[in-house]
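Here is run.txt, consisting of compact mmCIF, C-alpha atoms and all ligand atoms:
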# COMPACT_ATOMS: atom_id res chain seq x y z
CA MET A 1 184.93 266.88 25.76
CA GLU A 2 183.66 267.69 22.24
CA SER A 3 183.59 264.62 19.99
CA GLU A 4 186.12 266.21 17.57
CA ASP A 5 188.57 266.76 20.47
CA MET A 6 188.05 263.17 21.59
CA GLU A 7 188.79 261.93 18.10
CA SER A 8 192.04 263.89 17.85
CA ASP A 9 192.97 262.70 21.35
CA ILE A 10 192.50 259.08 20.22
CA MET A 11 194.51 259.72 17.03
CA ALA A 12 197.37 261.22 19.07
CA LEU A 13 197.30 258.17 21.36
CA LEU A 14 197.30 255.79 18.38
CA VAL A 15 200.29 257.59 16.87
CA ASP A 16 202.08 257.43 20.23
CA LEU A 17 201.39 253.69 20.50
CA HIS A 18 202.53 252.92 16.95
CA ARG A 19 205.38 255.33 16.24
CA ARG A 20 208.07 253.20 17.91
CA GLN A 21 207.12 250.14 15.83
CA ASP A 22 208.87 248.99 12.67
CA ARG A 23 205.50 248.64 10.97
CA GLN A 24 202.03 249.97 11.68
CA GLY A 25 200.09 247.13 10.07
CA PRO A 26 200.48 243.50 8.99
CA GLY A 27 203.23 242.91 6.42
CA GLY A 28 206.78 241.70 5.95
CA ASP A 29 209.98 242.61 4.13
CA ALA A 30 209.86 239.28 2.24
CA GLN A 31 206.29 240.03 1.10
CA THR A 32 207.26 243.54 -0.04
CA ARG A 33 210.06 241.92 -2.09
CA THR A 34 207.63 239.36 -3.54
CA ALA A 35 205.36 242.19 -4.68
CA MET A 36 208.40 243.95 -6.18
CA ASP A 37 209.25 240.71 -8.04
CA LEU A 38 205.71 240.45 -9.43
CA ALA A 39 205.85 244.10 -10.49
CA GLY A 40 209.14 243.48 -12.31
CA LEU A 41 210.88 246.36 -10.54
CA TRP A 42 214.34 244.95 -9.89
CA SER A 43 215.57 245.27 -13.48
CA GLN A 44 214.64 248.96 -13.70
CA THR A 45 216.82 251.86 -12.64
CA GLY A 46 215.92 255.38 -11.61
CA LEU A 47 212.28 254.63 -10.77
CA ARG A 48 210.20 257.30 -9.07
CA VAL A 49 208.11 255.65 -6.37
CA ALA A 50 205.51 257.06 -3.96
CA ASP A 51 204.79 255.07 -0.78
CA ILE A 52 201.38 256.32 0.37
CA GLY A 53 200.53 255.87 4.07
CA CYS A 54 204.17 254.92 4.69
CA GLY A 55 204.09 254.99 8.50
CA THR A 56 207.62 254.67 9.91
CA GLY A 57 208.91 253.30 6.60
CA ALA A 58 208.70 249.48 6.63
CA SER A 59 208.04 249.19 2.89
CA ALA A 60 209.92 252.36 1.89
CA PHE A 61 213.18 250.88 3.23
CA VAL A 62 212.72 247.71 1.15
CA LEU A 63 211.82 249.74 -1.94
CA ALA A 64 215.01 251.74 -1.34
CA GLU A 65 216.97 248.59 -2.32
CA LEU A 66 216.05 249.26 -5.99
CA PRO A 67 218.85 250.66 -8.14
CA ASP A 68 219.03 254.45 -8.21
CA VAL A 69 215.44 254.73 -6.95
CA SER A 70 213.83 257.92 -5.66
CA ILE A 71 211.12 257.39 -3.05
CA THR A 72 208.52 259.86 -1.86
CA ALA A 73 207.19 258.64 1.49
CA VAL A 74 203.77 260.12 2.27
CA ASP A 75 201.83 260.08 5.52
CA LEU A 76 199.25 262.19 7.29
CA PHE A 77 201.20 262.21 10.56
CA ASP A 78 204.44 264.16 11.03
CA ASP A 79 205.47 261.95 13.96
CA PHE A 80 205.67 258.90 11.69
CA LEU A 81 207.61 260.86 9.05
CA THR A 82 210.05 262.19 11.67
CA GLU A 83 210.67 258.61 12.80
CA LEU A 84 211.10 257.48 9.17
CA THR A 85 213.62 260.27 8.53
CA MET A 86 215.68 259.29 11.57
CA ARG A 87 215.64 255.63 10.57
CA ALA A 88 216.58 256.49 6.96
CA ARG A 89 219.55 258.49 8.23
CA LYS A 90 220.74 255.57 10.37
CA ARG A 91 220.49 253.24 7.37
CA GLY A 92 222.30 255.65 5.06
CA LEU A 93 219.23 255.99 2.82
CA SER A 94 218.53 259.72 3.18
CA ASP A 95 219.63 260.47 -0.39
CA ARG A 96 216.94 258.23 -1.91
CA LEU A 97 214.01 259.09 0.36
CA ARG A 98 212.04 262.28 0.84
CA THR A 99 208.97 262.70 3.05
CA VAL A 100 205.75 264.53 2.29
CA ALA A 101 203.11 265.17 4.95
CA ALA A 102 199.82 264.99 3.07
CA ASP A 103 196.35 263.52 3.10
CA MET A 104 196.04 260.63 0.66
CA THR A 105 192.71 262.06 -0.48
CA ASP A 106 194.40 265.25 -1.65
CA LEU A 107 197.93 264.42 -2.78
CA PRO A 108 200.13 267.33 -3.92
CA PHE A 109 201.53 265.53 -6.99
CA SER A 110 201.46 266.14 -10.73
CA ASP A 111 199.85 263.93 -13.32
CA GLU A 112 202.13 261.06 -14.37
CA GLU A 113 204.76 261.96 -11.77
CA PHE A 114 205.48 258.37 -10.65
CA ASP A 115 206.50 255.03 -12.15
CA VAL A 116 205.21 253.17 -9.10
CA LEU A 117 202.55 253.85 -6.45
CA TRP A 118 203.00 251.67 -3.35
CA SER A 119 200.66 251.47 -0.37
CA GLU A 120 200.67 248.78 2.32
CA GLY A 121 197.70 248.53 4.66
CA ALA A 122 196.70 252.16 4.24
CA ILE A 123 194.32 252.65 1.30
CA TYR A 124 191.35 251.59 3.49
CA SER A 125 191.60 255.05 5.12
CA MET A 126 189.96 256.55 2.05
CA GLY A 127 188.50 253.31 0.68
CA PHE A 128 190.03 251.01 -1.94
CA GLU A 129 187.86 252.14 -4.84
CA ALA A 130 188.20 255.88 -4.19
CA GLY A 131 191.95 255.41 -3.72
CA VAL A 132 192.74 253.47 -6.87
CA LYS A 133 190.47 255.75 -8.88
CA SER A 134 191.94 259.04 -7.67
CA TRP A 135 195.60 257.97 -7.54
CA ARG A 136 195.70 256.63 -11.12
CA ARG A 137 196.48 260.01 -12.64
CA PHE A 138 199.75 260.26 -10.68
CA LEU A 139 201.03 257.13 -12.46
CA LYS A 140 202.80 257.21 -15.79
CA PRO A 141 201.02 255.15 -18.47
CA GLY A 142 202.17 251.57 -17.92
CA GLY A 143 203.19 252.41 -14.34
CA VAL A 144 202.59 249.99 -11.48
CA LEU A 145 200.20 250.21 -8.54
CA ALA A 146 200.88 247.86 -5.59
CA VAL A 147 198.50 247.96 -2.62
CA SER A 148 197.67 245.65 0.24
CA GLU A 149 194.06 245.62 1.37
CA ILE A 150 191.95 243.63 3.82
CA THR A 151 190.35 240.78 1.85
CA TRP A 152 188.02 237.82 2.45
CA LEU A 153 189.85 234.57 1.81
CA THR A 154 186.72 232.44 1.47
CA ARG A 155 183.35 232.79 -0.23
CA GLU A 156 181.52 232.32 3.08
CA ARG A 157 182.40 233.18 6.65
CA PRO A 158 180.78 233.30 10.12
CA GLU A 159 177.96 235.85 10.34
CA SER A 160 179.37 237.59 13.42
CA LEU A 161 182.71 238.10 11.67
CA GLU A 162 181.02 239.46 8.58
CA GLU A 163 178.97 241.87 10.71
CA TYR A 164 182.09 243.05 12.53
CA TRP A 165 184.02 243.81 9.35
CA ILE A 166 181.09 245.38 7.53
CA GLY A 167 180.82 247.73 10.52
CA GLU A 168 184.56 248.50 10.46
CA TYR A 169 185.15 248.62 6.72
CA PRO A 170 182.19 248.01 4.41
CA GLU A 171 184.50 247.68 1.39
CA ILE A 172 186.02 244.41 2.64
CA ASP A 173 185.51 241.89 -0.17
CA THR A 174 186.99 238.95 -2.06
CA ALA A 175 190.06 239.25 -4.31
CA ALA A 176 187.88 238.73 -7.40
CA ALA A 177 185.77 241.77 -6.47
CA LYS A 178 188.87 243.90 -5.78
CA MET A 179 190.37 242.96 -9.14
CA ALA A 180 187.12 243.89 -10.88
CA ILE A 181 187.43 247.34 -9.26
CA LEU A 182 191.00 247.65 -10.52
CA GLU A 183 189.89 246.74 -14.04
CA LYS A 184 186.95 249.15 -13.86
CA HIS A 185 189.32 252.03 -13.06
CA GLY A 186 191.95 251.45 -15.72
CA TYR A 187 194.38 248.91 -14.30
CA ALA A 188 195.35 245.42 -15.46
CA PRO A 189 196.01 243.11 -12.48
CA ILE A 190 199.42 241.45 -12.90
CA GLY A 191 199.88 239.73 -9.55
CA TYR A 192 198.15 238.78 -6.33
CA PHE A 193 199.01 236.95 -3.12
CA THR A 194 197.86 237.02 0.48
CA LEU A 195 199.90 237.84 3.55
CA PRO A 196 200.66 234.73 5.63
CA ARG A 197 199.83 234.48 9.32
CA GLU A 198 203.34 235.45 10.47
CA CYS A 199 202.89 238.88 8.86
CA TRP A 200 200.10 239.49 11.37
CA ILE A 201 201.36 237.72 14.47
CA ASP A 202 205.17 237.91 14.40
CA ALA A 203 205.68 241.11 12.43
CA TYR A 204 202.79 243.21 13.76
CA PHE A 205 200.67 242.04 16.70
CA GLY A 206 203.58 240.59 18.71
CA PRO A 207 205.76 243.74 18.79
CA LEU A 208 202.64 245.89 19.29
CA ALA A 209 201.47 243.85 22.30
CA ASN A 210 204.98 244.21 23.78
CA GLU A 211 204.47 247.99 23.75
CA PHE A 212 201.10 248.01 25.61
CA GLY A 213 202.67 248.10 29.11
CA ARG A 214 205.04 251.00 28.30
CA PHE A 215 202.24 252.89 26.52
CA LEU A 216 199.85 252.54 29.48
CA GLY A 217 202.69 253.64 31.76
CA ARG A 218 203.13 256.84 29.73
CA HIS A 219 199.38 257.52 29.95
CA GLU A 220 198.59 256.32 33.45
CA GLY A 221 194.96 256.85 34.47
CA ASN A 222 193.97 257.90 30.95
CA ALA A 223 190.71 256.12 30.07
CA ALA A 224 191.12 256.84 26.36
CA ALA A 225 194.56 255.14 26.36
CA GLU A 226 193.04 252.12 28.09
CA SER A 227 190.29 251.97 25.46
CA VAL A 228 192.90 252.16 22.67
CA VAL A 229 194.69 249.12 24.11
CA ALA A 230 191.40 247.27 24.64
CA ALA A 231 190.50 247.82 20.97
CA GLU A 232 193.92 246.59 19.82
CA ARG A 233 193.61 243.50 22.03
CA ALA A 234 190.16 242.79 20.55
CA GLU A 235 191.62 243.04 17.04
CA ILE A 236 194.34 240.54 17.95
CA GLU A 237 191.82 238.15 19.45
CA LEU A 238 189.58 238.43 16.41
CA PHE A 239 192.45 237.45 14.13
CA GLN A 240 193.46 234.58 16.40
CA THR A 241 189.90 233.25 16.24
CA TYR A 242 188.99 233.96 12.63
CA GLY A 243 192.29 234.49 10.81
CA GLU A 244 191.53 231.73 8.30
CA PHE A 245 188.74 233.88 6.82
CA TYR A 246 190.56 237.17 6.16
CA SER A 247 193.99 238.61 5.52
CA TYR A 248 195.60 241.36 3.54
CA GLY A 249 195.61 240.68 -0.18
CA PHE A 250 198.52 242.23 -2.08
CA TYR A 251 197.32 243.58 -5.44
CA ILE A 252 199.80 244.45 -8.16
CA ALA A 253 198.40 246.09 -11.28
CA ARG A 254 199.57 248.07 -14.27
CA ARG A 255 197.96 251.29 -15.42
CA THR A 256 196.31 250.67 -18.78
CA ASP A 257 195.39 253.41 -21.19
CA ALA A 258 193.67 251.33 -23.84
CA ILE A 259 190.09 252.65 -23.82
CA MET A 260 189.94 254.83 -20.74
CA SER A 261 187.97 258.02 -21.17
CA SER A 262 188.26 259.26 -17.56
C1 LIG B 301 198.05 250.55 8.95
S1 LIG B 301 199.20 251.84 8.79
C2 LIG B 301 200.35 251.16 7.59
C3 LIG B 301 201.68 251.86 7.61
C4 LIG B 301 202.77 251.27 6.73
N1 LIG B 301 202.41 251.29 5.34
C5 LIG B 301 203.07 249.86 7.16
O1 LIG B 301 202.71 248.92 6.43
O2 LIG B 301 203.67 249.70 8.22
C6 LIG B 301 198.33 253.06 7.83
C7 LIG B 301 199.11 254.34 7.59
O3 LIG B 301 198.33 255.22 6.82
C8 LIG B 301 198.46 256.53 7.37
N2 LIG B 301 197.25 257.29 7.02
C9 LIG B 301 196.00 257.13 7.53
N3 LIG B 301 195.15 258.00 6.95
C10 LIG B 301 195.88 258.71 6.07
C11 LIG B 301 195.56 259.76 5.15
N4 LIG B 301 194.32 260.23 5.05
N5 LIG B 301 196.54 260.26 4.37
C12 LIG B 301 197.83 259.79 4.47
N6 LIG B 301 198.18 258.80 5.33
C13 LIG B 301 197.22 258.27 6.10
C14 LIG B 301 198.61 256.30 8.85
O4 LIG B 301 199.19 257.42 9.50
C15 LIG B 301 199.48 255.06 8.88
O5 LIG B 301 200.85 255.39 8.84

Kindly present the structure from the file in C-alpha cells form.
Amino acid sequence: MESEDMESDIMALLVDLHRRQDRQGPGGDAQTRTAMDLAGLWSQTGLRVADIGCGTGASAFVLAELPDVSITAVDLFDDFLTELTMRARKRGLSDRLRTVAADMTDLPFSDEEFDVLWSEGAIYSMGFEAGVKSWRRFLKPGGVLAVSEITWLTRERPESLEEYWIGEYPEIDTAAAKMAILEKHGYAPIGYFTLPRECWIDAYFGPLANEFGRFLGRHEGNAAAESVVAAERAEIELFQTYGEFYSYGFYIARRTDAIMSS
C-alpha cells in the first residue's frame, strides 16, 4: 500500500474509533466553563464564536449556554460534524450552531468575523504558534482567544519523556513560553489554568478504552486497527506514568491592537 493510502486508512480508523465519544481529547465541561468565566463571556449577549477542531462538539455545547450566542463549529472531518449535528438536534441547540468542514490552516472566514475563537486540544495539528498567528485576523479587536495546548508542568522532566514528546510535538513547552508566543503575536494573556487528571482519565481515556473492544470487533483482522489501539494504549500508559509532568494548559488571551504592524 502507498504511504499516502496508509495514512488515510489510519485517519479513517481514528475517526471511527473516536466519533462515538463525547470528546476526542482531554477536557471537561467544568473546565470549559472556567475558561468562559476567565474570558468574561457570560455577561455578553449575541457573541459570534468559532470552535476550531470541534470534534463531536464537547466544548461547542457548553459554549451554546451563552445568551443568544451563534457558534460556528469547524472540523476537518465530516463524520465528526455529522455526529455534532445529530447531538445538537437532540439537545435542541440547532438554531445556535452551524458546522463548517474546513482545514484550520485555511479557514474560510472574513477578517474580524468573530468575538471569540475557541479551540480545545486541536491547535497542535497546525502548531500553536502558526495557529495563534494565522487565526488572529478572524478576531475582532479586543476579541478573545481560548485554546488548550499540551504543556510542560515543570521546568525539568525525565529525559525519555522529553524525547518522546519532542518526537511527537516539538512545540511542547512551558506555560511561560506559550504566553510569550501569544504576546509576540498580538494577544494579551488574561487567564491560564491546567486541566486536572480527571479530564484525562475519567473524561477521555476511560470512555475511549471502553470502545477498544467494539472497535477491534468492527475491524477484525485489520493490522492497522490493532496498531491504532496499541498507540492509544501507549498514550494512556505514558500519562499514567508521567502525568505529573505534562497536561493541557488552557490559555485565554485578548487580541490587542496597540502596536501591531502585522
Ligand atoms: C484532540 S481532538 C479535540 C476535539 C474537541 N475539541 C474536543 O476537545 O473533544 C482534535 C480535533 O481537531 C480536528 N482536526 C485535526 N486537524 C484538523 C485540521 N487541520 N483542521 C480542522 N480540524 C482538525 C480533529 O478532527 C479533531 O476533531

Could the residues of chain A that have an atom at most 7 Å from ligand LIG 301 (chain B) be listed as JSON lines, each with its closest atom pair and the distance in Å to one decimal, counting only C-alpha atoms and all ligand atoms and ordered by chain and ascending residue number?
{"residue": "A:Asp22", "atom": "CA", "partner": "B:LIG301", "partner_atom": "O2", "distance": 6.9}
{"residue": "A:Arg23", "atom": "CA", "partner": "B:LIG301", "partner_atom": "O2", "distance": 3.5}
{"residue": "A:Gln24", "atom": "CA", "partner": "B:LIG301", "partner_atom": "O2", "distance": 3.8}
{"residue": "A:Gly25", "atom": "CA", "partner": "B:LIG301", "partner_atom": "C1", "distance": 4.1}
{"residue": "A:Pro26", "atom": "CA", "partner": "B:LIG301", "partner_atom": "O1", "distance": 6.4}
{"residue": "A:Gly27", "atom": "CA", "partner": "B:LIG301", "partner_atom": "O1", "distance": 6.0}
{"residue": "A:Ile52", "atom": "CA", "partner": "B:LIG301", "partner_atom": "N6", "distance": 6.4}
{"residue": "A:Gly53", "atom": "CA", "partner": "B:LIG301", "partner_atom": "O3", "distance": 3.6}
{"residue": "A:Cys54", "atom": "CA", "partner": "B:LIG301", "partner_atom": "N1", "distance": 4.1}
{"residue": "A:Gly55", "atom": "CA", "partner": "B:LIG301", "partner_atom": "O5", "distance": 3.3}
{"residue": "A:Thr56", "atom": "CA", "partner": "B:LIG301", "partner_atom": "O2", "distance": 6.6}
{"residue": "A:Gly57", "atom": "CA", "partner": "B:LIG301", "partner_atom": "C4", "distance": 6.5}
{"residue": "A:Ala58", "atom": "CA", "partner": "B:LIG301", "partner_atom": "O2", "distance": 5.3}
{"residue": "A:Ser59", "atom": "CA", "partner": "B:LIG301", "partner_atom": "O1", "distance": 6.4}
{"residue": "A:Val74", "atom": "CA", "partner": "B:LIG301", "partner_atom": "C12", "distance": 6.3}
{"residue": "A:Asp75", "atom": "CA", "partner": "B:LIG301", "partner_atom": "N6", "distance": 3.9}
{"residue": "A:Leu76", "atom": "CA", "partner": "B:LIG301", "partner_atom": "C12", "distance": 4.0}
{"residue": "A:Phe77", "atom": "CA", "partner": "B:LIG301", "partner_atom": "O4", "distance": 5.3}
{"residue": "A:Phe80", "atom": "CA", "partner": "B:LIG301", "partner_atom": "O5", "distance": 6.6}
{"residue": "A:Ala102", "atom": "CA", "partner": "B:LIG301", "partner_atom": "C12", "distance": 5.7}
{"residue": "A:Asp103", "atom": "CA", "partner": "B:LIG301", "partner_atom": "N5", "distance": 3.5}
{"residue": "A:Met104", "atom": "CA", "partner": "B:LIG301", "partner_atom": "N5", "distance": 3.8}
{"residue": "A:Thr105", "atom": "CA", "partner": "B:LIG301", "partner_atom": "N4", "distance": 6.0}
{"residue": "A:Ser119", "atom": "CA", "partner": "B:LIG301", "partner_atom": "N1", "distance": 6.0}
{"residue": "A:Glu120", "atom": "CA", "partner": "B:LIG301", "partner_atom": "N1", "distance": 4.3}
{"residue": "A:Gly121", "atom": "CA", "partner": "B:LIG301", "partner_atom": "C2", "distance": 4.7}
{"residue": "A:Ala122", "atom": "CA", "partner": "B:LIG301", "partner_atom": "C6", "distance": 4.0}
{"residue": "A:Ser125", "atom": "CA", "partner": "B:LIG301", "partner_atom": "N3", "distance": 5.0}
{"residue": "A:Met126", "atom": "CA", "partner": "B:LIG301", "partner_atom": "N4", "distance": 6.4}

Please report, as JSON lines, each residue of region 27-140 of chain A lying at most 12 Å from region 174-183 of chain A, together with the nearest pair of atoms and the separation in Å rounded to one decimal; use all atoms listed in the file, and order rows by chain and ascending residue number.
{"residue": "A:Gly127", "atom": "CA", "partner": "A:Lys178", "partner_atom": "CA", "distance": 11.4}
{"residue": "A:Phe128", "atom": "CA", "partner": "A:Lys178", "partner_atom": "CA", "distance": 8.2}
{"residue": "A:Glu129", "atom": "CA", "partner": "A:Ile181", "partner_atom": "CA", "distance": 6.5}
{"residue": "A:Ala130", "atom": "CA", "partner": "A:Ile181", "partner_atom": "CA", "distance": 10.0}
{"residue": "A:Gly131", "atom": "CA", "partner": "A:Leu182", "partner_atom": "CA", "distance": 10.4}
{"residue": "A:Val132", "atom": "CA", "partner": "A:Leu182", "partner_atom": "CA", "distance": 7.1}
{"residue": "A:Lys133", "atom": "CA", "partner": "A:Leu182", "partner_atom": "CA", "distance": 8.3}
{"residue": "A:Ser134", "atom": "CA", "partner": "A:Leu182", "partner_atom": "CA", "distance": 11.8}
{"residue": "A:Trp135", "atom": "CA", "partner": "A:Leu182", "partner_atom": "CA", "distance": 11.7}
{"residue": "A:Arg136", "atom": "CA", "partner": "A:Leu182", "partner_atom": "CA", "distance": 10.2}

*asked:* When you look at Tyr124 (chain A) with a cut-off of 10 Å (counting all atoms listed in the file), what residues show up, excluding the ones that are within fewer than 6 positions of it in the same chain? I need them as a PyMOL selection string.
replied: chain A and resi 130-131+148-150+169-172

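As for CA of Leu84 (chain A) and CA of Thr99 (chain A), they are spaced 8.3 Å apart.
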
Compile the contact shell of Asp111 (chain A) as a PDB file with C-alpha atoms, in the coordinates of the input: residues with an atom at most 9 Å away, counting all atoms listed in the file, same-chain residues fewer than 3 positions apart removed.
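Printed below is around.pdb as written:
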ATOM      1  CA  PHE A 114     205.480 258.370 -10.650  1.00  0.00           C
ATOM      2  CA  ARG A 136     195.700 256.630 -11.120  1.00  0.00           C
ATOM      3  CA  ARG A 137     196.480 260.010 -12.640  1.00  0.00           C
ATOM      4  CA  PHE A 138     199.750 260.260 -10.680  1.00  0.00           C
ATOM      5  CA  LEU A 139     201.030 257.130 -12.460  1.00  0.00           C
ATOM      6  CA  LYS A 140     202.800 257.210 -15.790  1.00  0.00           C
TER       7      LYS A 140
END

*asked:* Using only C-alpha atoms, can you tell me which of A:Asp51, A:Glu220, A:Asp78, A:Glu113 comes closest to Leu97 (chain A)?
replied: A:Asp51

_Phe193 (chain A) surroundings by all atoms listed in the file, 9 Å radius, close-in-sequence under 3 positions cut, as a PyMOL selection string_ = chain A and resi 31+34-35+248-251

*asked:* Give me the residues near Ser43 (chain A) as a list in words, where near means some atom within 12 Å (using only C-alpha atoms) and where sequence neighbours in that chain fewer than 2 positions away do not count.
replied: Met36, Asp37, Leu38, Ala39, Gly40, Leu41, Thr45, Gly46, Leu47, Glu65, Leu66, Pro67, Asp68 and Val69 of chain A

_Could you tell me how far CA of Tyr187 (chain A) sits from CA of Asp257 (chain A), in Å to one decimal place?_
8.3 Å

_Pick from A:Gln44, A:Gln240, A:Thr32, A:Ser227 nearest to Ala60 (chain A), counting all atoms listed in the file_ =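 Under the stated criterion, the closest residue is A:Thr32.
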
*Work out how far CA of Ala50 (chain A) is from CA of Leu117 (chain A), in Å to one decimal.*
5.0 Å

*Skip Leu93 (chain A) itself and residues of its chain fewer than 4 positions away, then list as JSON, numbers by chain all residues within 8 Å of it, counting all atoms listed in the file.*
{"A": [61, 64, 88, 89, 97]}
